[in-house]
Amino acid sequence: MDLPVYTRSQLALRNGQDHEDIWVAYKGLIYDVKLSRLWRNGKHYEHWAGQDLTEEMADAPHFDTVFDKFEAIGRLA
């Protein structure tokens with residue numbers, strides 16, 4: 001998978017507030033969740049976009065297969 005690499009600072013800007021893109025990271029991959037109605041304005045329940053959600057997924061009421069719905073657009077540095 002030849003994807004561009006983004007830093008945590010670059011990911012943080014794609015939070016739906018500071019930039020119109022809405023990205024989240026999970027297990028080293030960055031996903032574009034902008035088209036999801038559940039991520040409107042960069043917030044999904046108590047989670048904010050622009051972050052690595054890997055550790056937070058342990059408490060999620062769903063499986064990590066939820067990321068299969070989204071396009072991986074980069075890798076987290």
# chains A, B, ... in the order shown; residues from 1 in each chain; ligands from 1
>>> select_by_dssp(residues="chain A", states="helix (DSSP H, G or I)", output="PyMOL selection string")
chain A and resi 8-13+37-42+56-59+64-69
>>> residues_around(residues="A:Lys34", least_positions_apart="4", cutoff="9 Å", atoms="only C-alpha atoms", output="PyMOL selection string")
chain A and resi 16+20-23+39-42
>>> write_last_selection(atoms="N, CA and C atoms", output="PDB file, in the first residue's frame")
ATOM      1  N   GLY A  16     -12.256  18.744  11.015  1.00  0.00           N
ATOM      2  CA  GLY A  16     -13.587  19.232  10.705  1.00  0.00           C
ATOM      3  C   GLY A  16     -13.868  20.624  11.245  1.00  0.00           C
ATOM      4  N   GLU A  20     -11.659  21.664   6.345  1.00  0.00           N
ATOM      5  CA  GLU A  20     -12.902  20.972   5.986  1.00  0.00           C
ATOM      6  C   GLU A  20     -12.767  19.451   5.921  1.00  0.00           C
ATOM      7  N   ASP A  21     -11.539  18.944   5.810  1.00  0.00           N
ATOM      8  CA  ASP A  21     -11.336  17.498   5.817  1.00  0.00           C
ATOM      9  C   ASP A  21     -11.590  16.943   7.211  1.00  0.00           C
ATOM     10  N   ILE A  22     -12.087  15.709   7.261  1.00  0.00           N
ATOM     11  CA  ILE A  22     -12.336  15.036   8.532  1.00  0.00           C
ATOM     12  C   ILE A  22     -11.647  13.682   8.463  1.00  0.00           C
ATOM     13  N   TRP A  23     -10.512  13.582   9.153  1.00  0.00           N
ATOM     14  CA  TRP A  23      -9.693  12.378   9.134  1.00  0.00           C
ATOM     15  C   TRP A  23      -9.544  11.823  10.535  1.00  0.00           C
ATOM     16  N   TRP A  39     -19.884  11.575  11.625  1.00  0.00           N
ATOM     17  CA  TRP A  39     -18.715  12.397  11.912  1.00  0.00           C
ATOM     18  C   TRP A  39     -18.938  13.858  11.527  1.00  0.00           C
ATOM     19  N   ARG A  40     -20.176  14.283  11.454  1.00  0.00           N
ATOM     20  CA  ARG A  40     -20.459  15.690  11.110  1.00  0.00           C
ATOM     21  C   ARG A  40     -19.741  16.623  12.071  1.00  0.00           C
ATOM     22  N   ASN A  41     -19.196  17.674  11.534  1.00  0.00           N
ATOM     23  CA  ASN A  41     -18.460  18.684  12.305  1.00  0.00           C
ATOM     24  C   ASN A  41     -17.251  18.111  13.046  1.00  0.00           C
ATOM     25  N   GLY A  42     -16.802  16.925  12.639  1.00  0.00           N
ATOM     26  CA  GLY A  42     -15.598  16.361  13.219  1.00  0.00           C
ATOM     27  C   GLY A  42     -15.770  15.724  14.583  1.00  0.00           C
TER      28      GLY A  42
END
>>> closest_residue(among="A:Leu53, A:Gly28, A:Val66, A:Glu46", to="A:Tyr6", atoms="only C-alpha atoms")
A:Gly28
>>> closest_residue(among="A:Phe67, A:Tyr31, A:Asn15, A:Ala25", to="A:Lys43", atoms="only C-alpha atoms")
A:Asn15
>>> closest_residue(among="A:Glu55, A:Arg14, A:Leu29, A:His19", to="A:Arg75", atoms="only C-alpha atoms")
A:Leu29
>>> atom_distance(atom1="atom CA of A:Arg37", atom2="atom CA of A:Thr54")
20.8 Å
